[in-house]
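For reference, the structure is listed below as structure tokens.
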Amino acid sequence: MTAPIPISLEVNGERVDAQVLPRINLADFLREQLKLTGTHVGCEHGVCGACTVRVNDDIVRSCLMLAVQVHGASVQTIEGLSDSGEVADLQAAFRDRNALQCGYCTPGMLMAAQDLLRREPAPDRERIREHLSGNYCRCTGYHAIIDAVETTARTRTGRRA
Ligand code: FES
Ligand code: FES
């Protein structure tokens, strides 16, 4: 039997020390060991984007990363971004624009959208579509999601629609 490996990291600003099996992926570690179930698991093949989290300064698909790979890293999940208020306006825009229905894709969408808006404060609709193209939504038809991200970008930069 494979022995667990000790890892230390920061998750949503708090230090975490854990023992993980070498094969457990980051999504399962967050959900099962840390009970951070806001990170969703859809395809488990790096396709749908439901499992998107931030590692250091980049978003990653946590189903494709092993928990041992985040030893020493800083991980932010949707719970962290939500609790800090970092995406409060984006969440409000999603609500206002009906950009979520079942909500399964929403944490990953918010993580990916916030990643874009941090890097490019004023993206056009095409750029938003491109950046979110790796995040699948089976409910909304995407238009409302693009609207919500565009509205947030405009509000943050003080531009008018
Ligand atoms: Fe990770 Fe789909 S569950 S990309
Ligand atoms: Fe249901 Fe996007 S709101 S998958």
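Labeling convention for the structure tokens: chains A, B, ... as they appear, residues from 1 per chain, ligands from 1 in order of appearance.
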Can you check which parts of chain A lie within 8 Å of ligand 2? Per residue, the shortest pair of atoms and distance in Å to one decimal, counting only C-alpha atoms and all ligand atoms, sorted by chain and number, as a tab-separated table.
```
residue	atom	partner	partner_atom_place_in_ligand_line	distance
A:Ala99	CA	ligand 2	3 (S)	7.0
A:Leu100	CA	ligand 2	3 (S)	4.1
A:Gln101	CA	ligand 2	3 (S)	4.0
A:Cys102	CA	ligand 2	1 (Fe)	3.9
A:Gly103	CA	ligand 2	3 (S)	4.2
A:Tyr104	CA	ligand 2	4 (S)	4.9
A:Cys105	CA	ligand 2	2 (Fe)	4.3
A:Thr106	CA	ligand 2	2 (Fe)	6.0
A:Tyr136	CA	ligand 2	4 (S)	6.8
A:Cys137	CA	ligand 2	2 (Fe)	3.7
A:Arg138	CA	ligand 2	4 (S)	4.2
A:Cys139	CA	ligand 2	1 (Fe)	4.3
A:Thr140	CA	ligand 2	3 (S)	5.7
```
With a distance cut-off of 9 Å and only C-alpha atoms, select the neighbouring residues of stretch 117-121 of chain A, excluding the residue or stretch itself and same-chain residues fewer than 5 positions from it, and output the selection as a short mmCIF file (atom, residue, chain, number, x, y, z; two decimals) with N, CA and C atoms, in the first residue's frame.
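Final file, part24.cif:
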```cif
data_model
loop_
_atom_site.label_atom_id
_atom_site.label_comp_id
_atom_site.auth_asym_id
_atom_site.auth_seq_id
_atom_site.Cartn_x
_atom_site.Cartn_y
_atom_site.Cartn_z
N ALA A 112 -12.74 31.73 -13.44
CA ALA A 112 -12.16 32.05 -14.75
C ALA A 112 -12.44 33.51 -15.12
N VAL A 149 -20.31 39.21 -17.02
CA VAL A 149 -18.87 39.53 -16.94
C VAL A 149 -18.63 40.91 -17.56
N THR A 152 -19.79 43.62 -15.17
CA THR A 152 -18.85 43.78 -14.06
C THR A 152 -17.61 44.54 -14.52
N ALA A 153 -17.11 44.20 -15.69
CA ALA A 153 -15.93 44.90 -16.21
C ALA A 153 -16.23 46.38 -16.37
N ARG A 154 -17.40 46.68 -16.90
CA ARG A 154 -17.75 48.08 -17.13
C ARG A 154 -17.91 48.83 -15.82
N ARG A 156 -16.51 48.07 -12.94
CA ARG A 156 -15.21 48.22 -12.28
C ARG A 156 -14.37 49.32 -12.92
N THR A 157 -14.50 49.47 -14.21
CA THR A 157 -13.66 50.46 -14.87
C THR A 157 -14.39 51.80 -15.05
#
```
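For A:Arg31, the set of protein, DNA and RNA residues having any atom at most 12 Å away, when counting only C-alpha atoms and skipping those fewer than 3 positions along the same chain, is A:Ile24, A:Asn25, A:Leu26, A:Ala27, A:Asp28, A:Leu34, A:Lys35, A:Leu36, A:Thr37, A:Gly38, A:Thr39, A:His40, A:Val41, A:Cys51, A:Val53, A:Ser62, A:Cys63, A:Ala67, A:Thr77, A:Ile78, A:Glu79.
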Include N, CA and C atoms and write out the residues we just selected as a PDB file, in the first residue's frame.
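Okay, out-v9.pdb is ready:
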```pdb
ATOM      1  N   ILE A  24      -4.014  11.242  -5.254  1.00  0.00           N
ATOM      2  CA  ILE A  24      -5.223  12.060  -5.117  1.00  0.00           C
ATOM      3  C   ILE A  24      -5.026  13.402  -5.839  1.00  0.00           C
ATOM      4  N   ASN A  25      -6.051  13.788  -6.606  1.00  0.00           N
ATOM      5  CA  ASN A  25      -5.905  15.051  -7.320  1.00  0.00           C
ATOM      6  C   ASN A  25      -6.338  16.216  -6.424  1.00  0.00           C
ATOM      7  N   LEU A  26      -6.011  17.418  -6.888  1.00  0.00           N
ATOM      8  CA  LEU A  26      -6.266  18.603  -6.067  1.00  0.00           C
ATOM      9  C   LEU A  26      -7.759  18.802  -5.821  1.00  0.00           C
ATOM     10  N   ALA A  27      -8.579  18.537  -6.831  1.00  0.00           N
ATOM     11  CA  ALA A  27     -10.029  18.711  -6.663  1.00  0.00           C
ATOM     12  C   ALA A  27     -10.549  17.802  -5.544  1.00  0.00           C
ATOM     13  N   ASP A  28     -10.163  16.564  -5.571  1.00  0.00           N
ATOM     14  CA  ASP A  28     -10.636  15.632  -4.546  1.00  0.00           C
ATOM     15  C   ASP A  28     -10.075  15.996  -3.168  1.00  0.00           C
ATOM     16  N   LEU A  34     -10.562  18.730   2.728  1.00  0.00           N
ATOM     17  CA  LEU A  34     -10.749  20.061   3.308  1.00  0.00           C
ATOM     18  C   LEU A  34     -12.218  20.493   3.326  1.00  0.00           C
ATOM     19  N   LYS A  35     -13.094  19.665   2.744  1.00  0.00           N
ATOM     20  CA  LYS A  35     -14.543  19.952   2.720  1.00  0.00           C
ATOM     21  C   LYS A  35     -14.867  21.269   2.007  1.00  0.00           C
ATOM     22  N   LEU A  36     -14.035  21.650   1.066  1.00  0.00           N
ATOM     23  CA  LEU A  36     -14.297  22.843   0.262  1.00  0.00           C
ATOM     24  C   LEU A  36     -15.019  22.394  -1.006  1.00  0.00           C
ATOM     25  N   THR A  37     -16.319  22.191  -0.859  1.00  0.00           N
ATOM     26  CA  THR A  37     -17.087  21.564  -1.931  1.00  0.00           C
ATOM     27  C   THR A  37     -17.583  22.554  -2.986  1.00  0.00           C
ATOM     28  N   GLY A  38     -17.180  23.830  -2.852  1.00  0.00           N
ATOM     29  CA  GLY A  38     -17.527  24.794  -3.899  1.00  0.00           C
ATOM     30  C   GLY A  38     -16.808  24.494  -5.201  1.00  0.00           C
ATOM     31  N   THR A  39     -15.674  23.844  -5.109  1.00  0.00           N
ATOM     32  CA  THR A  39     -14.972  23.402  -6.315  1.00  0.00           C
ATOM     33  C   THR A  39     -15.675  22.153  -6.823  1.00  0.00           C
ATOM     34  N   HIS A  40     -16.256  22.261  -8.003  1.00  0.00           N
ATOM     35  CA  HIS A  40     -17.045  21.141  -8.520  1.00  0.00           C
ATOM     36  C   HIS A  40     -16.220  20.251  -9.436  1.00  0.00           C
ATOM     37  N   VAL A  41     -16.679  19.037  -9.578  1.00  0.00           N
ATOM     38  CA  VAL A  41     -16.012  18.080 -10.461  1.00  0.00           C
ATOM     39  C   VAL A  41     -17.023  17.616 -11.498  1.00  0.00           C
ATOM     40  N   CYS A  51     -13.902  22.565 -12.168  1.00  0.00           N
ATOM     41  CA  CYS A  51     -12.981  22.392 -11.037  1.00  0.00           C
ATOM     42  C   CYS A  51     -11.935  23.501 -10.942  1.00  0.00           C
ATOM     43  N   VAL A  53      -9.574  26.353 -10.020  1.00  0.00           N
ATOM     44  CA  VAL A  53      -9.142  27.058  -8.807  1.00  0.00           C
ATOM     45  C   VAL A  53      -7.908  27.889  -9.166  1.00  0.00           C
ATOM     46  N   SER A  62      -8.229  21.759 -11.328  1.00  0.00           N
ATOM     47  CA  SER A  62      -7.747  21.007 -10.167  1.00  0.00           C
ATOM     48  C   SER A  62      -7.929  19.507 -10.326  1.00  0.00           C
ATOM     49  N   CYS A  63      -8.716  19.085 -11.331  1.00  0.00           N
ATOM     50  CA  CYS A  63      -8.828  17.638 -11.572  1.00  0.00           C
ATOM     51  C   CYS A  63      -7.582  17.097 -12.268  1.00  0.00           C
ATOM     52  N   ALA A  67      -2.546  16.639  -5.668  1.00  0.00           N
ATOM     53  CA  ALA A  67      -2.454  17.410  -4.422  1.00  0.00           C
ATOM     54  C   ALA A  67      -0.993  17.608  -4.024  1.00  0.00           C
ATOM     55  N   THR A  77      -9.792  29.039  -3.562  1.00  0.00           N
ATOM     56  CA  THR A  77     -10.982  28.405  -4.117  1.00  0.00           C
ATOM     57  C   THR A  77     -12.107  29.439  -4.159  1.00  0.00           C
ATOM     58  N   ILE A  78     -13.235  29.031  -4.683  1.00  0.00           N
ATOM     59  CA  ILE A  78     -14.362  29.958  -4.747  1.00  0.00           C
ATOM     60  C   ILE A  78     -14.785  30.413  -3.344  1.00  0.00           C
ATOM     61  N   GLU A  79     -14.587  29.553  -2.350  1.00  0.00           N
ATOM     62  CA  GLU A  79     -14.939  29.964  -0.976  1.00  0.00           C
ATOM     63  C   GLU A  79     -14.076  31.147  -0.539  1.00  0.00           C
TER      64      GLU A  79
END
```
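For ligand 1, the set of protein, DNA and RNA residues within 7 Å, based on only C-alpha atoms and all ligand atoms, reads A:His40, A:Val41, A:Gly42, A:Cys43, A:Glu44, A:His45, A:Gly46, A:Val47, A:Cys48, A:Gly49, A:Ala50, A:Cys51, A:Thr52, A:Arg61, A:Ser62, A:Cys63, A:Leu64.
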Those residues with all heavy atoms, as an mmCIF file, in the first residue's frame please?
```
data_model
loop_
_atom_site.group_PDB
_atom_site.id
_atom_site.type_symbol
_atom_site.label_atom_id
_atom_site.label_comp_id
_atom_site.auth_asym_id
_atom_site.auth_seq_id
_atom_site.Cartn_x
_atom_site.Cartn_y
_atom_site.Cartn_z
ATOM 1 N N HIS A 40 -16.256 22.261 -8.003
ATOM 2 C CA HIS A 40 -17.045 21.141 -8.520
ATOM 3 C C HIS A 40 -16.220 20.251 -9.436
ATOM 4 O O HIS A 40 -15.209 20.675 -9.991
ATOM 5 C CB HIS A 40 -18.268 21.667 -9.278
ATOM 6 C CG HIS A 40 -19.268 22.311 -8.377
ATOM 7 N ND1 HIS A 40 -20.301 23.105 -8.823
ATOM 8 C CD2 HIS A 40 -19.394 22.267 -7.014
ATOM 9 C CE1 HIS A 40 -21.023 23.523 -7.787
ATOM 10 N NE2 HIS A 40 -20.485 23.032 -6.689
ATOM 11 N N VAL A 41 -16.679 19.037 -9.578
ATOM 12 C CA VAL A 41 -16.012 18.080 -10.461
ATOM 13 C C VAL A 41 -17.023 17.616 -11.498
ATOM 14 O O VAL A 41 -18.089 17.102 -11.150
ATOM 15 C CB VAL A 41 -15.478 16.877 -9.649
ATOM 16 C CG1 VAL A 41 -14.944 15.814 -10.584
ATOM 17 C CG2 VAL A 41 -14.380 17.324 -8.688
ATOM 18 N N GLY A 42 -16.713 17.869 -12.758
ATOM 19 C CA GLY A 42 -17.608 17.460 -13.830
ATOM 20 C C GLY A 42 -17.017 16.312 -14.622
ATOM 21 O O GLY A 42 -17.373 15.154 -14.434
ATOM 22 N N CYS A 43 -16.097 16.652 -15.501
ATOM 23 C CA CYS A 43 -15.578 15.651 -16.439
ATOM 24 C C CYS A 43 -14.401 14.840 -15.885
ATOM 25 O O CYS A 43 -14.166 13.715 -16.311
ATOM 26 C CB CYS A 43 -15.134 16.340 -17.720
ATOM 27 S SG CYS A 43 -13.732 17.467 -17.463
ATOM 28 N N GLU A 44 -13.643 15.439 -14.985
ATOM 29 C CA GLU A 44 -12.400 14.845 -14.463
ATOM 30 C C GLU A 44 -11.355 14.589 -15.541
ATOM 31 O O GLU A 44 -10.464 13.777 -15.367
ATOM 32 C CB GLU A 44 -12.679 13.548 -13.698
ATOM 33 C CG GLU A 44 -13.465 13.774 -12.426
ATOM 34 C CD GLU A 44 -13.565 12.539 -11.576
ATOM 35 O OE1 GLU A 44 -12.635 12.317 -10.786
ATOM 36 O OE2 GLU A 44 -14.559 11.788 -11.725
ATOM 37 N N HIS A 45 -11.492 15.289 -16.657
ATOM 38 C CA HIS A 45 -10.527 15.132 -17.752
ATOM 39 C C HIS A 45 -9.992 16.463 -18.244
ATOM 40 O O HIS A 45 -9.476 16.557 -19.364
ATOM 41 C CB HIS A 45 -11.169 14.383 -18.922
ATOM 42 C CG HIS A 45 -11.317 12.920 -18.668
ATOM 43 N ND1 HIS A 45 -12.455 12.372 -18.119
ATOM 44 C CD2 HIS A 45 -10.463 11.895 -18.871
ATOM 45 C CE1 HIS A 45 -12.287 11.062 -17.997
ATOM 46 N NE2 HIS A 45 -11.096 10.749 -18.438
ATOM 47 N N GLY A 46 -10.174 17.508 -17.481
ATOM 48 C CA GLY A 46 -9.623 18.796 -17.895
ATOM 49 C C GLY A 46 -10.401 19.496 -18.985
ATOM 50 O O GLY A 46 -9.890 20.413 -19.617
ATOM 51 N N VAL A 47 -11.639 19.110 -19.204
ATOM 52 C CA VAL A 47 -12.403 19.657 -20.324
ATOM 53 C C VAL A 47 -13.427 20.701 -19.892
ATOM 54 O O VAL A 47 -13.576 21.740 -20.547
ATOM 55 C CB VAL A 47 -13.129 18.514 -21.090
ATOM 56 C CG1 VAL A 47 -13.983 19.090 -22.212
ATOM 57 C CG2 VAL A 47 -12.122 17.523 -21.639
ATOM 58 N N CYS A 48 -14.136 20.475 -18.791
ATOM 59 C CA CYS A 48 -15.335 21.285 -18.501
ATOM 60 C C CYS A 48 -15.088 22.559 -17.697
ATOM 61 O O CYS A 48 -15.907 23.463 -17.715
ATOM 62 C CB CYS A 48 -16.369 20.428 -17.782
ATOM 63 S SG CYS A 48 -15.959 20.077 -16.048
ATOM 64 N N GLY A 49 -13.999 22.615 -16.952
ATOM 65 C CA GLY A 49 -13.687 23.825 -16.190
ATOM 66 C C GLY A 49 -14.401 23.960 -14.853
ATOM 67 O O GLY A 49 -14.180 24.938 -14.134
ATOM 68 N N ALA A 50 -15.246 23.007 -14.503
ATOM 69 C CA ALA A 50 -15.998 23.117 -13.241
ATOM 70 C C ALA A 50 -15.075 23.124 -12.019
ATOM 71 O O ALA A 50 -15.434 23.646 -10.969
ATOM 72 C CB ALA A 50 -17.000 21.963 -13.120
ATOM 73 N N CYS A 51 -13.902 22.565 -12.168
ATOM 74 C CA CYS A 51 -12.981 22.392 -11.037
ATOM 75 C C CYS A 51 -11.935 23.501 -10.942
ATOM 76 O O CYS A 51 -10.957 23.354 -10.215
ATOM 77 C CB CYS A 51 -12.276 21.051 -11.179
ATOM 78 S SG CYS A 51 -11.202 21.015 -12.640
ATOM 79 N N THR A 52 -12.145 24.594 -11.667
ATOM 80 C CA THR A 52 -11.127 25.649 -11.746
ATOM 81 C C THR A 52 -10.849 26.283 -10.377
ATOM 82 O O THR A 52 -11.777 26.690 -9.671
ATOM 83 C CB THR A 52 -11.594 26.749 -12.727
ATOM 84 O OG1 THR A 52 -11.854 26.139 -13.989
ATOM 85 C CG2 THR A 52 -10.547 27.837 -12.887
ATOM 86 N N ARG A 61 -6.899 23.645 -13.662
ATOM 87 C CA ARG A 61 -7.970 22.649 -13.529
ATOM 88 C C ARG A 61 -7.532 21.702 -12.426
ATOM 89 O O ARG A 61 -6.567 20.946 -12.599
ATOM 90 C CB ARG A 61 -8.115 21.900 -14.832
ATOM 91 C CG ARG A 61 -8.318 22.949 -15.863
ATOM 92 C CD ARG A 61 -9.013 22.618 -17.051
ATOM 93 N NE ARG A 61 -9.591 23.878 -17.419
ATOM 94 C CZ ARG A 61 -10.576 24.048 -18.248
ATOM 95 N NH1 ARG A 61 -11.106 23.022 -18.815
ATOM 96 N NH2 ARG A 61 -11.043 25.224 -18.507
ATOM 97 N N SER A 62 -8.229 21.759 -11.328
ATOM 98 C CA SER A 62 -7.747 21.007 -10.167
ATOM 99 C C SER A 62 -7.929 19.507 -10.326
ATOM 100 O O SER A 62 -7.352 18.740 -9.567
ATOM 101 C CB SER A 62 -8.428 21.500 -8.890
ATOM 102 O OG SER A 62 -9.830 21.387 -8.968
ATOM 103 N N CYS A 63 -8.716 19.085 -11.331
ATOM 104 C CA CYS A 63 -8.828 17.638 -11.572
ATOM 105 C C CYS A 63 -7.582 17.097 -12.268
ATOM 106 O O CYS A 63 -7.361 15.886 -12.296
ATOM 107 C CB CYS A 63 -10.069 17.309 -12.403
ATOM 108 S SG CYS A 63 -9.980 17.840 -14.123
ATOM 109 N N LEU A 64 -6.782 18.006 -12.840
ATOM 110 C CA LEU A 64 -5.594 17.562 -13.577
ATOM 111 C C LEU A 64 -4.309 17.740 -12.785
ATOM 112 O O LEU A 64 -3.228 17.487 -13.290
ATOM 113 C CB LEU A 64 -5.451 18.343 -14.893
ATOM 114 C CG LEU A 64 -6.487 18.085 -15.973
ATOM 115 C CD1 LEU A 64 -6.112 18.850 -17.240
ATOM 116 C CD2 LEU A 64 -6.612 16.595 -16.270
#
```
* Asked: Residues at most 8 Å from A:Gln19, counting only C-alpha atoms, excluding those fewer than 4 positions away in the same chain, as a PyMOL selection string?
  -> chain A and resi 4-7
For the residues selected in the previous step, produce a file with C-alpha atoms as a CSV table (one decimal), in the first residue's frame.
```
chain,number,residue,atom,x,y,z
A,4,PRO,CA,0.5,9.2,2.5
A,5,ILE,CA,2.8,12.1,1.8
A,6,PRO,CA,2.9,15.2,4.0
A,7,ILE,CA,2.2,18.5,2.3
```
If you run DSSP on this backbone, which residues of chain A come out as strand (DSSP E), and could you give them as a CSV table (one decimal) with all heavy atoms, in the first residue's frame?
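As a result, out12.csv now contains:
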```csv
chain,number,residue,atom,x,y,z
A,5,ILE,N,1.7,11.2,1.9
A,5,ILE,CA,2.8,12.1,1.8
A,5,ILE,C,2.4,13.4,2.5
A,5,ILE,O,1.3,13.9,2.3
A,5,ILE,CB,3.2,12.4,0.3
A,5,ILE,CG1,3.7,11.1,-0.3
A,5,ILE,CG2,4.2,13.5,0.2
A,5,ILE,CD1,3.9,11.2,-1.8
A,6,PRO,N,3.2,13.9,3.4
A,6,PRO,CA,2.9,15.2,4.0
A,6,PRO,C,3.0,16.4,3.1
A,6,PRO,O,4.0,16.5,2.4
A,6,PRO,CB,3.9,15.3,5.2
A,6,PRO,CG,5.0,14.5,4.8
A,6,PRO,CD,4.5,13.4,3.8
A,7,ILE,N,2.0,17.2,3.1
A,7,ILE,CA,2.2,18.5,2.3
A,7,ILE,C,1.7,19.7,3.2
A,7,ILE,O,0.9,19.5,4.1
A,7,ILE,CB,1.3,18.5,1.0
A,7,ILE,CG1,-0.2,18.3,1.3
A,7,ILE,CG2,1.8,17.5,0.0
A,7,ILE,CD1,-1.1,18.6,0.1
A,8,SER,N,2.3,20.8,2.9
A,8,SER,CA,1.9,22.1,3.6
A,8,SER,C,1.7,23.1,2.5
A,8,SER,O,2.4,23.2,1.6
A,8,SER,CB,3.1,22.6,4.5
A,8,SER,OG,3.3,21.6,5.5
A,9,LEU,N,0.6,23.8,2.7
A,9,LEU,CA,0.2,24.8,1.7
A,9,LEU,C,-0.6,25.9,2.4
A,9,LEU,O,-1.0,25.7,3.5
A,9,LEU,CB,-0.5,24.2,0.5
A,9,LEU,CG,-1.8,23.6,0.7
A,9,LEU,CD1,-2.7,23.6,-0.5
A,9,LEU,CD2,-1.7,22.1,1.2
A,10,GLU,N,-1.0,26.9,1.6
A,10,GLU,CA,-1.9,27.9,2.1
A,10,GLU,C,-3.2,27.7,1.2
A,10,GLU,O,-3.1,27.6,0.0
A,10,GLU,CB,-1.3,29.3,1.9
A,10,GLU,CG,-2.0,30.3,2.7
A,10,GLU,CD,-1.3,31.7,2.5
A,10,GLU,OE1,-0.4,31.9,3.3
A,10,GLU,OE2,-1.7,32.4,1.6
A,11,VAL,N,-4.3,27.6,1.9
A,11,VAL,CA,-5.6,27.5,1.2
A,11,VAL,C,-6.5,28.7,1.7
A,11,VAL,O,-6.8,28.8,2.9
A,11,VAL,CB,-6.3,26.2,1.5
A,11,VAL,CG1,-7.6,26.1,0.7
A,11,VAL,CG2,-5.4,25.0,1.0
A,14,GLU,N,-5.2,30.5,4.7
A,14,GLU,CA,-4.8,29.8,5.9
A,14,GLU,C,-3.9,28.6,5.7
A,14,GLU,O,-4.0,27.9,4.7
A,14,GLU,CB,-6.1,29.2,6.6
A,14,GLU,CG,-7.0,30.3,7.1
A,14,GLU,CD,-8.2,29.8,7.9
A,14,GLU,OE1,-8.2,28.6,8.2
A,14,GLU,OE2,-9.0,30.6,8.2
A,15,ARG,N,-2.9,28.4,6.6
A,15,ARG,CA,-2.0,27.3,6.4
A,15,ARG,C,-2.7,26.0,6.6
A,15,ARG,O,-3.5,25.8,7.6
A,15,ARG,CB,-0.8,27.5,7.4
A,15,ARG,CG,0.3,26.5,7.1
A,15,ARG,CD,1.3,26.5,8.3
A,15,ARG,NE,2.0,25.2,8.2
A,15,ARG,CZ,3.3,25.1,7.9
A,15,ARG,NH1,4.0,26.2,7.6
A,15,ARG,NH2,3.9,23.9,7.8
A,16,VAL,N,-2.4,25.0,5.7
A,16,VAL,CA,-2.9,23.7,5.9
A,16,VAL,C,-1.8,22.7,5.8
A,16,VAL,O,-0.9,22.8,4.9
A,16,VAL,CB,-3.9,23.4,4.7
A,16,VAL,CG1,-4.3,21.9,4.6
A,16,VAL,CG2,-5.1,24.3,4.7
A,17,ASP,N,-1.8,21.8,6.8
A,17,ASP,CA,-0.8,20.7,6.8
A,17,ASP,C,-1.7,19.4,6.6
A,17,ASP,O,-2.6,19.2,7.4
A,17,ASP,CB,0.0,20.6,8.1
A,17,ASP,CG,0.8,21.9,8.3
A,17,ASP,OD1,1.7,22.1,7.4
A,17,ASP,OD2,0.6,22.6,9.3
A,18,ALA,N,-1.3,18.6,5.7
A,18,ALA,CA,-2.1,17.4,5.4
A,18,ALA,C,-1.3,16.2,5.0
A,18,ALA,O,-0.1,16.4,4.6
A,18,ALA,CB,-3.2,17.7,4.4
A,19,GLN,N,-1.9,15.1,5.1
A,19,GLN,CA,-1.3,13.8,4.6
A,19,GLN,C,-2.1,13.4,3.4
A,19,GLN,O,-3.3,13.3,3.5
A,19,GLN,CB,-1.4,12.7,5.6
A,19,GLN,CG,-0.7,13.0,6.9
A,19,GLN,CD,0.8,12.8,6.9
A,19,GLN,OE1,1.3,11.9,6.1
A,19,GLN,NE2,1.6,13.5,7.7
A,20,VAL,N,-1.5,13.3,2.2
A,20,VAL,CA,-2.3,12.9,1.0
A,20,VAL,C,-1.7,11.7,0.3
A,20,VAL,O,-0.4,11.5,0.3
A,20,VAL,CB,-2.3,14.1,0.0
A,20,VAL,CG1,-3.1,15.3,0.6
A,20,VAL,CG2,-1.0,14.5,-0.5
A,52,THR,N,-12.1,24.6,-11.7
A,52,THR,CA,-11.1,25.6,-11.7
A,52,THR,C,-10.8,26.3,-10.4
A,52,THR,O,-11.8,26.7,-9.7
A,52,THR,CB,-11.6,26.7,-12.7
A,52,THR,OG1,-11.9,26.1,-14.0
A,52,THR,CG2,-10.5,27.8,-12.9
A,53,VAL,N,-9.6,26.4,-10.0
A,53,VAL,CA,-9.1,27.1,-8.8
A,53,VAL,C,-7.9,27.9,-9.2
A,53,VAL,O,-7.3,27.7,-10.3
A,53,VAL,CB,-8.8,26.1,-7.6
A,53,VAL,CG1,-10.0,25.3,-7.2
A,53,VAL,CG2,-7.6,25.2,-8.0
A,54,ARG,N,-7.5,28.7,-8.2
A,54,ARG,CA,-6.3,29.5,-8.5
A,54,ARG,C,-5.1,28.9,-7.7
A,54,ARG,O,-5.3,28.7,-6.5
A,54,ARG,CB,-6.6,31.0,-8.0
A,54,ARG,CG,-5.5,32.0,-8.4
A,54,ARG,CD,-5.7,33.3,-7.8
A,54,ARG,NE,-6.8,34.0,-8.3
A,54,ARG,CZ,-7.4,35.1,-7.6
A,54,ARG,NH1,-7.0,35.5,-6.5
A,54,ARG,NH2,-8.5,35.7,-8.2
A,55,VAL,N,-4.0,28.7,-8.3
A,55,VAL,CA,-2.8,28.2,-7.6
A,55,VAL,C,-1.8,29.3,-7.9
A,55,VAL,O,-1.4,29.5,-9.0
A,55,VAL,CB,-2.4,26.8,-8.1
A,55,VAL,CG1,-1.1,26.4,-7.5
A,55,VAL,CG2,-3.4,25.8,-7.8
A,58,ASP,N,-2.2,31.8,-10.9
A,58,ASP,CA,-2.8,31.3,-12.2
A,58,ASP,C,-4.0,30.3,-11.9
A,58,ASP,O,-4.0,29.6,-10.9
A,58,ASP,CB,-1.8,30.5,-13.0
A,58,ASP,CG,-0.7,31.4,-13.5
A,58,ASP,OD1,-1.0,32.5,-14.0
A,58,ASP,OD2,0.5,31.0,-13.3
A,59,ILE,N,-5.0,30.4,-12.8
A,59,ILE,CA,-6.1,29.4,-12.6
A,59,ILE,C,-5.6,28.0,-13.2
A,59,ILE,O,-4.9,28.0,-14.3
A,59,ILE,CB,-7.4,29.9,-13.2
A,59,ILE,CG1,-7.3,30.3,-14.7
A,59,ILE,CG2,-8.0,30.9,-12.3
A,59,ILE,CD1,-8.6,30.6,-15.3
A,60,VAL,N,-6.0,27.0,-12.6
A,60,VAL,CA,-5.7,25.6,-13.1
A,60,VAL,C,-7.0,24.8,-13.0
A,60,VAL,O,-7.9,25.1,-12.3
A,60,VAL,CB,-4.6,25.0,-12.2
A,60,VAL,CG1,-3.3,25.8,-12.2
A,60,VAL,CG2,-5.1,24.7,-10.8
A,61,ARG,N,-6.9,23.6,-13.7
A,61,ARG,CA,-8.0,22.6,-13.5
A,61,ARG,C,-7.5,21.7,-12.4
A,61,ARG,O,-6.6,20.9,-12.6
A,61,ARG,CB,-8.1,21.9,-14.8
A,61,ARG,CG,-8.3,22.9,-15.9
A,61,ARG,CD,-9.0,22.6,-17.1
A,61,ARG,NE,-9.6,23.9,-17.4
A,61,ARG,CZ,-10.6,24.0,-18.2
A,61,ARG,NH1,-11.1,23.0,-18.8
A,61,ARG,NH2,-11.0,25.2,-18.5
A,74,SER,N,0.1,28.6,-2.8
A,74,SER,CA,-1.1,29.3,-2.3
A,74,SER,C,-2.2,28.9,-3.2
A,74,SER,O,-2.2,29.2,-4.4
A,74,SER,CB,-0.8,30.8,-2.2
A,74,SER,OG,-2.0,31.4,-2.0
A,75,VAL,N,-3.3,28.4,-2.6
A,75,VAL,CA,-4.5,28.0,-3.4
A,75,VAL,C,-5.6,28.8,-3.0
A,75,VAL,O,-5.9,29.0,-1.8
A,75,VAL,CB,-4.8,26.5,-3.1
A,75,VAL,CG1,-6.1,26.1,-3.9
A,75,VAL,CG2,-3.6,25.6,-3.6
A,76,GLN,N,-6.4,29.3,-3.9
A,76,GLN,CA,-7.6,30.0,-3.7
A,76,GLN,C,-8.7,29.3,-4.3
A,76,GLN,O,-8.7,28.9,-5.5
A,76,GLN,CB,-7.5,31.4,-4.3
A,76,GLN,CG,-6.6,32.4,-3.6
A,76,GLN,CD,-7.2,33.0,-2.3
A,76,GLN,OE1,-8.4,33.1,-2.2
A,76,GLN,NE2,-6.3,33.4,-1.4
```
* May I ask for the distance between atom CA of A:Gln114 and atom CA of A:Glu86, given in Å to one decimal place? => 8.5 Å
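Distances to A:Leu110 were evaluated for A:Asp96, A:Asp124, A:Asp89, A:Glu130 using only C-alpha atoms, and the minimum falls at A:Asp89.
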* Could you pull out the residues in chain A that DSSP calls helix (DSSP H, G or I) from the backbone, as a PyMOL selection string? => chain A and resi 26-33+67-70+78-84+88-96+106-119+125-131+143-157
Can you list, as a short mmCIF file (atom, residue, chain, number, x, y, z; two decimals) with N, CA and C atoms, in the first residue's frame, every protein, DNA or RNA residue that comes within 9 Å of A:Asp147 when you count only C-alpha atoms, leaving out same-chain residues fewer than 6 positions away?
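Output file around-v5.cif follows:
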```cif
data_model
loop_
_atom_site.label_atom_id
_atom_site.label_comp_id
_atom_site.auth_asym_id
_atom_site.auth_seq_id
_atom_site.Cartn_x
_atom_site.Cartn_y
_atom_site.Cartn_z
N ALA A 93 -23.69 40.32 -10.31
CA ALA A 93 -24.02 40.45 -11.74
C ALA A 93 -24.54 39.12 -12.29
N PHE A 94 -23.98 38.01 -11.85
CA PHE A 94 -24.49 36.70 -12.28
C PHE A 94 -25.95 36.54 -11.83
N ARG A 97 -28.26 38.99 -13.87
CA ARG A 97 -28.39 38.65 -15.29
C ARG A 97 -28.90 37.23 -15.52
N ALA A 99 -27.36 34.52 -14.88
CA ALA A 99 -26.24 33.82 -15.51
C ALA A 99 -25.96 32.47 -14.87
N ARG A 125 -16.58 41.60 -25.59
CA ARG A 125 -17.35 40.35 -25.47
C ARG A 125 -16.62 39.17 -26.10
#
```
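Interatomic distance, atom CA of A:Asn56 to atom CA of A:Leu90: 21.0 Å.
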